[in-house]
Amino acid sequence: MTNKGVEGLLRYTILDKNDLRISVNANGAYNDNKVLSVPGTTGESFGGGSTILKEGEKLGVYYLVPYAGVNPANGNPLFVSADGSLSETFSDADRRITDKSALPTWQGGFGTDIRYKGFEFTTQFVWFADVWLNNLDRASLDDTSGSFYNGRNRSTDVLRAWKQEGDITDIPRIGNPYNSIDYINSVDRYLDNASFLRLRNITLGYSLPDKITDKLGLNAIRFYLQGENLITFSSFKGWDAENGFRSTNRGNYPTPKIVTFGTTINF
């Protein structure tokens with residue numbers, strides 16, 4: 001396997017005058033991942049699930065059957081067969097390489113650093129792009145298969161489920177033959193874009209002047225208010241787009257939002 005890419009880091013001071021200093025920073029990375037060789041004679045390894053190890057493709061590339069919506073005549077789900085036709089059934093022969101992976105192609109961050117006399121204000125954002133997750137949490141909430149009446153919660157999307165002949169919708173009828181696990185293991189219906197931008201850290205601080213700390217017999221005193229993971233921008237319909245690059249997202253505890261107030265005292 002090879003990983004080829006580019007990484008960059010930039011820092012720039014916008015202003016540094018009369019006790020006011022303003023600087024910005026940004027970093028980014030691009031990675032092209034490719035599997036060069038797979039043991040055996042077929043050039044690939046697939047043992048079920050949603051991904052395949054295949055020469056010439058990304059590591060952990062999704063290998064799935066395309067979902068084509070719902071048959072308006074009977075409410076059953078439709079899939080795209082290997083020959084391009086629509087079918088209410090599918091097999092491994094209908095799978096195809098998606099060129100999508102849980103490993104991001106792009107990632108980076110940017111931030112600001114503003115200081116005036118004893119005050120400081122800093123921010124740091126992180127972002128990931130071209131990263132995909134098989135969203136089993138959403139699939140379970142949308143499940144309208146034969147096991148629908150099992151006491152579990154459902155998404156309001158289920159209200160769009162097919163009810164009568166002629167209905168045009170993306171949610172199959174209640175009691176249809178395919179459940180959430182069928183989709184996650186074989187079909188791209190819940191393969192979601194997990195790109196995101198997150199405010200990783202924001203800090204407001206103040207350090208007492210030397211004339212005060214000297215009187216107190218201390219080297220420095222700093223007060224700060226800090227927030228972590230307070231804001232996230234993403235189209236991902238799950239608990240958290242940041243999930244450690246697992247191919248299937250289920251039961252992932254969301255990254256906590258943390259607010260901290262503290263004091264640093266140097267003797």
# chains A, B, ... in the order shown; residues from 1 in each chain; ligands from 1
>>> residues_around(residues="range 191-198 of chain A", least_positions_apart="3", cutoff="7 Å", atoms="only C-alpha atoms", output="list in words")
Phe125, Val126, Trp127, Phe128, Ala129, Asp130, Val131, Trp132, Leu133, Asn134, Asn135, Asp188, Asn229, Ile231, Thr232, Phe233, Ser234, Phe236 and Ala241 of chain A
>>> residues_around(residues="Arg152 in chain A", least_positions_apart="3", cutoff="12 Å", atoms="only C-alpha atoms", output="list in words")
Ser140, Leu141, Asp142, Asp143, Thr144, Ser147, Phe148, Tyr149 and Ser155 of chain A
>>> residues_around(residues="range 160-164 of chain A", least_positions_apart="2", cutoff="12 Å", atoms="only C-alpha atoms", output="mmCIF file with N, CA and C atoms, in the first residue's frame")
data_model
loop_
_atom_site.group_PDB
_atom_site.id
_atom_site.type_symbol
_atom_site.label_atom_id
_atom_site.label_comp_id
_atom_site.auth_asym_id
_atom_site.auth_seq_id
_atom_site.Cartn_x
_atom_site.Cartn_y
_atom_site.Cartn_z
ATOM 1 N N GLY A 69 -34.270 3.634 -4.661
ATOM 2 C CA GLY A 69 -35.548 4.159 -4.191
ATOM 3 C C GLY A 69 -36.586 3.081 -3.962
ATOM 4 N N VAL A 70 -37.853 3.454 -4.162
ATOM 5 C CA VAL A 70 -38.975 2.578 -3.824
ATOM 6 C C VAL A 70 -39.855 2.357 -5.052
ATOM 7 N N ASN A 71 -40.279 1.133 -5.230
ATOM 8 C CA ASN A 71 -41.198 0.800 -6.317
ATOM 9 C C ASN A 71 -42.581 1.372 -5.986
ATOM 10 N N PRO A 72 -43.069 2.345 -6.772
ATOM 11 C CA PRO A 72 -44.363 2.961 -6.451
ATOM 12 C C PRO A 72 -45.537 2.000 -6.584
ATOM 13 N N ALA A 73 -45.319 0.858 -7.219
ATOM 14 C CA ALA A 73 -46.422 -0.088 -7.414
ATOM 15 C C ALA A 73 -46.710 -0.911 -6.160
ATOM 16 N N ASN A 74 -45.637 -1.257 -5.398
ATOM 17 C CA ASN A 74 -45.854 -2.132 -4.249
ATOM 18 C C ASN A 74 -45.106 -1.719 -2.977
ATOM 19 N N GLY A 75 -44.288 -0.661 -3.048
ATOM 20 C CA GLY A 75 -43.585 -0.170 -1.864
ATOM 21 C C GLY A 75 -42.307 -0.894 -1.514
ATOM 22 N N ASN A 76 -41.885 -1.832 -2.344
ATOM 23 C CA ASN A 76 -40.638 -2.545 -2.079
ATOM 24 C C ASN A 76 -39.434 -1.712 -2.509
ATOM 25 N N PRO A 77 -38.280 -1.888 -1.850
ATOM 26 C CA PRO A 77 -37.082 -1.153 -2.259
ATOM 27 C C PRO A 77 -36.577 -1.634 -3.615
ATOM 28 N N ASP A 142 -34.632 4.292 10.563
ATOM 29 C CA ASP A 142 -35.487 4.312 9.373
ATOM 30 C C ASP A 142 -36.044 2.932 9.021
ATOM 31 N N ASP A 143 -35.696 1.924 9.791
ATOM 32 C CA ASP A 143 -36.036 0.543 9.449
ATOM 33 C C ASP A 143 -37.551 0.339 9.397
ATOM 34 N N THR A 144 -38.049 -0.090 8.235
ATOM 35 C CA THR A 144 -39.481 -0.392 8.083
ATOM 36 C C THR A 144 -39.688 -1.833 7.632
ATOM 37 N N SER A 145 -38.735 -2.695 7.946
ATOM 38 C CA SER A 145 -38.797 -4.085 7.499
ATOM 39 C C SER A 145 -39.828 -4.872 8.291
ATOM 40 N N PHE A 148 -40.581 -4.313 12.052
ATOM 41 C CA PHE A 148 -40.883 -2.928 12.421
ATOM 42 C C PHE A 148 -41.502 -2.822 13.811
ATOM 43 N N ARG A 154 -38.247 5.224 16.257
ATOM 44 C CA ARG A 154 -38.064 5.414 14.825
ATOM 45 C C ARG A 154 -37.914 6.891 14.507
ATOM 46 N N SER A 155 -37.289 7.172 13.377
ATOM 47 C CA SER A 155 -37.157 8.538 12.889
ATOM 48 C C SER A 155 -38.494 9.008 12.312
ATOM 49 N N THR A 156 -38.711 10.326 12.316
ATOM 50 C CA THR A 156 -39.920 10.861 11.678
ATOM 51 C C THR A 156 -39.893 10.642 10.170
ATOM 52 N N ASP A 157 -38.726 10.276 9.613
ATOM 53 C CA ASP A 157 -38.656 9.949 8.178
ATOM 54 C C ASP A 157 -39.587 8.790 7.838
ATOM 55 N N VAL A 158 -39.847 7.927 8.829
ATOM 56 C CA VAL A 158 -40.709 6.769 8.598
ATOM 57 C C VAL A 158 -42.129 7.197 8.231
ATOM 58 N N GLY A 166 -48.786 3.987 -6.171
ATOM 59 C CA GLY A 166 -48.595 5.296 -6.767
ATOM 60 C C GLY A 166 -47.808 6.259 -5.899
ATOM 61 N N ASP A 167 -47.606 5.936 -4.613
ATOM 62 C CA ASP A 167 -46.823 6.797 -3.729
ATOM 63 C C ASP A 167 -45.377 6.899 -4.219
ATOM 64 N N ILE A 168 -44.860 8.110 -4.279
ATOM 65 C CA ILE A 168 -43.461 8.345 -4.639
ATOM 66 C C ILE A 168 -42.718 8.751 -3.373
ATOM 67 N N THR A 169 -41.799 7.911 -2.918
ATOM 68 C CA THR A 169 -41.090 8.167 -1.673
ATOM 69 C C THR A 169 -39.765 7.418 -1.679
ATOM 70 N N ASP A 170 -38.922 7.726 -0.704
ATOM 71 C CA ASP A 170 -37.635 7.037 -0.568
ATOM 72 C C ASP A 170 -37.651 6.022 0.570
ATOM 73 N N ILE A 171 -38.776 5.917 1.293
ATOM 74 C CA ILE A 171 -38.887 4.996 2.423
ATOM 75 C C ILE A 171 -39.796 3.830 2.041
ATOM 76 N N PRO A 172 -39.287 2.600 2.017
ATOM 77 C CA PRO A 172 -40.112 1.443 1.632
ATOM 78 C C PRO A 172 -41.274 1.212 2.589
ATOM 79 N N ARG A 173 -42.209 0.402 2.141
ATOM 80 C CA ARG A 173 -43.404 0.107 2.928
ATOM 81 C C ARG A 173 -43.042 -0.592 4.233
ATOM 82 N N ILE A 174 -43.910 -0.436 5.233
ATOM 83 C CA ILE A 174 -43.739 -1.159 6.491
ATOM 84 C C ILE A 174 -43.981 -2.649 6.231
ATOM 85 N N GLY A 175 -43.030 -3.468 6.658
ATOM 86 C CA GLY A 175 -43.119 -4.902 6.417
ATOM 87 C C GLY A 175 -42.362 -5.350 5.190
ATOM 88 N N ASN A 176 -41.546 -4.473 4.590
ATOM 89 C CA ASN A 176 -40.771 -4.871 3.412
ATOM 90 C C ASN A 176 -39.666 -5.858 3.823
#
>>> closest_atom_pairs(of="range 142-260 of chain A", to="range 52-60 of chain A", cutoff="12 Å", atoms="only C-alpha atoms", output="CSV")
residue,atom,partner,partner_atom,distance
A:Asn185,CA,A:Ile52,CA,11.4
A:Ser186,CA,A:Ile52,CA,11.4
A:Phe245,CA,A:Gly60,CA,10.2
A:Arg246,CA,A:Gly60,CA,9.7
A:Ser247,CA,A:Gly60,CA,7.7
A:Thr248,CA,A:Gly60,CA,11.1
>>> write_last_selection(atoms="N, CA and C atoms", output="compact mmCIF listing (two decimals), in the first residue's frame")
# COMPACT_ATOMS: atom_id res chain seq x y z
N ASN A 185 -24.62 -3.79 5.20
CA ASN A 185 -23.67 -4.77 4.70
C ASN A 185 -23.58 -4.81 3.19
N SER A 186 -24.64 -4.39 2.48
CA SER A 186 -24.67 -4.65 1.05
C SER A 186 -25.05 -3.48 0.16
N PHE A 245 -12.74 6.99 12.12
CA PHE A 245 -12.52 6.38 10.80
C PHE A 245 -12.98 4.92 10.73
N ARG A 246 -14.01 4.56 11.51
CA ARG A 246 -14.63 3.25 11.35
C ARG A 246 -15.50 3.28 10.10
N SER A 247 -15.59 2.16 9.39
CA SER A 247 -16.40 2.14 8.17
C SER A 247 -17.89 2.15 8.47
N THR A 248 -18.30 1.56 9.60
CA THR A 248 -19.70 1.56 10.00
C THR A 248 -19.87 2.32 11.30
>>> closest_residue(among="A:Arg189, A:Lys17, A:Arg138, A:Lys211", to="Gly238 in chain A", atoms="only C-alpha atoms")
A:Arg138
>>> select_by_dssp(residues="range 194-245 of chain A", states="helix (DSSP H, G or I)", output="ChimeraX atom specification")
/A:210-215
>>> residues_around(residues="Gly227 in chain A", least_positions_apart="3", cutoff="12 Å", atoms="only C-alpha atoms", output="JSON, numbers by chain")
{"A": [121, 122, 123, 124, 125, 198, 199, 200, 201, 202, 203, 204, 205, 224, 230, 231, 256, 257, 258, 259, 260, 261, 262]}
>>> select_by_dssp(residues="range 2-242 of chain A", states="strand (DSSP E)", output="count of residues only")
106
>>> residues_around(residues="Ala26 in chain A", least_positions_apart="3", cutoff="12 Å", atoms="only C-alpha atoms", output="number ranges by chain")
A: 7-12, 23, 29, 107-113, 123-127
>>> write_last_selection(atoms="N, CA and C atoms", output="PDB file, in the first residue's frame")
ATOM      1  N   GLU A   7       1.404  18.094   2.701  1.00  0.00           N
ATOM      2  CA  GLU A   7       0.990  18.748   3.934  1.00  0.00           C
ATOM      3  C   GLU A   7       1.560  20.156   3.958  1.00  0.00           C
ATOM      4  N   GLY A   8       0.806  21.088   4.528  1.00  0.00           N
ATOM      5  CA  GLY A   8       1.273  22.466   4.585  1.00  0.00           C
ATOM      6  C   GLY A   8       0.844  23.156   5.863  1.00  0.00           C
ATOM      7  N   LEU A   9       1.657  24.099   6.313  1.00  0.00           N
ATOM      8  CA  LEU A   9       1.369  24.872   7.517  1.00  0.00           C
ATOM      9  C   LEU A   9       1.753  26.320   7.273  1.00  0.00           C
ATOM     10  N   LEU A  10       0.834  27.243   7.566  1.00  0.00           N
ATOM     11  CA  LEU A  10       1.078  28.671   7.376  1.00  0.00           C
ATOM     12  C   LEU A  10       0.760  29.427   8.650  1.00  0.00           C
ATOM     13  N   ARG A  11       1.604  30.392   8.990  1.00  0.00           N
ATOM     14  CA  ARG A  11       1.346  31.306  10.103  1.00  0.00           C
ATOM     15  C   ARG A  11       1.631  32.717   9.610  1.00  0.00           C
ATOM     16  N   TYR A  12       0.780  33.641   9.978  1.00  0.00           N
ATOM     17  CA  TYR A  12       0.961  35.025   9.522  1.00  0.00           C
ATOM     18  C   TYR A  12       0.547  35.994  10.622  1.00  0.00           C
ATOM     19  N   SER A  23      -2.544  37.325  14.981  1.00  0.00           N
ATOM     20  CA  SER A  23      -1.945  36.368  14.046  1.00  0.00           C
ATOM     21  C   SER A  23      -2.967  35.288  13.686  1.00  0.00           C
ATOM     22  N   ALA A  29      -3.806  18.945   4.721  1.00  0.00           N
ATOM     23  CA  ALA A  29      -3.121  17.764   4.210  1.00  0.00           C
ATOM     24  C   ALA A  29      -4.000  17.064   3.185  1.00  0.00           C
ATOM     25  N   GLN A 107      -7.778  16.940   5.108  1.00  0.00           N
ATOM     26  CA  GLN A 107      -7.987  17.299   6.505  1.00  0.00           C
ATOM     27  C   GLN A 107      -7.078  18.468   6.868  1.00  0.00           C
ATOM     28  N   GLY A 108      -7.468  19.199   7.905  1.00  0.00           N
ATOM     29  CA  GLY A 108      -6.649  20.337   8.301  1.00  0.00           C
ATOM     30  C   GLY A 108      -7.299  21.136   9.409  1.00  0.00           C
ATOM     31  N   GLY A 109      -6.847  22.372   9.553  1.00  0.00           N
ATOM     32  CA  GLY A 109      -7.373  23.247  10.583  1.00  0.00           C
ATOM     33  C   GLY A 109      -6.938  24.684  10.365  1.00  0.00           C
ATOM     34  N   PHE A 110      -7.514  25.586  11.123  1.00  0.00           N
ATOM     35  CA  PHE A 110      -7.133  26.991  11.059  1.00  0.00           C
ATOM     36  C   PHE A 110      -7.554  27.673  12.355  1.00  0.00           C
ATOM     37  N   GLY A 111      -6.907  28.798  12.650  1.00  0.00           N
ATOM     38  CA  GLY A 111      -7.231  29.468  13.891  1.00  0.00           C
ATOM     39  C   GLY A 111      -6.704  30.882  13.957  1.00  0.00           C
ATOM     40  N   THR A 112      -7.013  31.542  15.071  1.00  0.00           N
ATOM     41  CA  THR A 112      -6.585  32.925  15.298  1.00  0.00           C
ATOM     42  C   THR A 112      -5.970  33.046  16.685  1.00  0.00           C
ATOM     43  N   ASP A 113      -5.133  34.059  16.841  1.00  0.00           N
ATOM     44  CA  ASP A 113      -4.505  34.340  18.132  1.00  0.00           C
ATOM     45  C   ASP A 113      -4.431  35.853  18.279  1.00  0.00           C
ATOM     46  N   THR A 123      -8.689  30.865  18.872  1.00  0.00           N
ATOM     47  CA  THR A 123      -9.636  29.889  18.328  1.00  0.00           C
ATOM     48  C   THR A 123      -8.870  28.870  17.500  1.00  0.00           C
ATOM     49  N   GLN A 124      -9.403  27.665  17.433  1.00  0.00           N
ATOM     50  CA  GLN A 124      -8.821  26.632  16.581  1.00  0.00           C
ATOM     51  C   GLN A 124      -9.936  25.758  16.024  1.00  0.00           C
ATOM     52  N   PHE A 125     -10.028  25.709  14.692  1.00  0.00           N
ATOM     53  CA  PHE A 125     -11.005  24.881  13.993  1.00  0.00           C
ATOM     54  C   PHE A 125     -10.291  23.681  13.367  1.00  0.00           C
ATOM     55  N   VAL A 126     -11.002  22.559  13.231  1.00  0.00           N
ATOM     56  CA  VAL A 126     -10.498  21.403  12.495  1.00  0.00           C
ATOM     57  C   VAL A 126     -11.533  21.010  11.442  1.00  0.00           C
ATOM     58  N   TRP A 127     -11.068  20.412  10.338  1.00  0.00           N
ATOM     59  CA  TRP A 127     -11.991  19.990   9.285  1.00  0.00           C
ATOM     60  C   TRP A 127     -11.483  18.721   8.607  1.00  0.00           C
TER      61      TRP A 127
END
>>> closest_residue(among="A:Glu242, A:Leu15, A:Asn179, A:Phe267", to="Asp214 in chain A", atoms="only C-alpha atoms")
A:Phe267
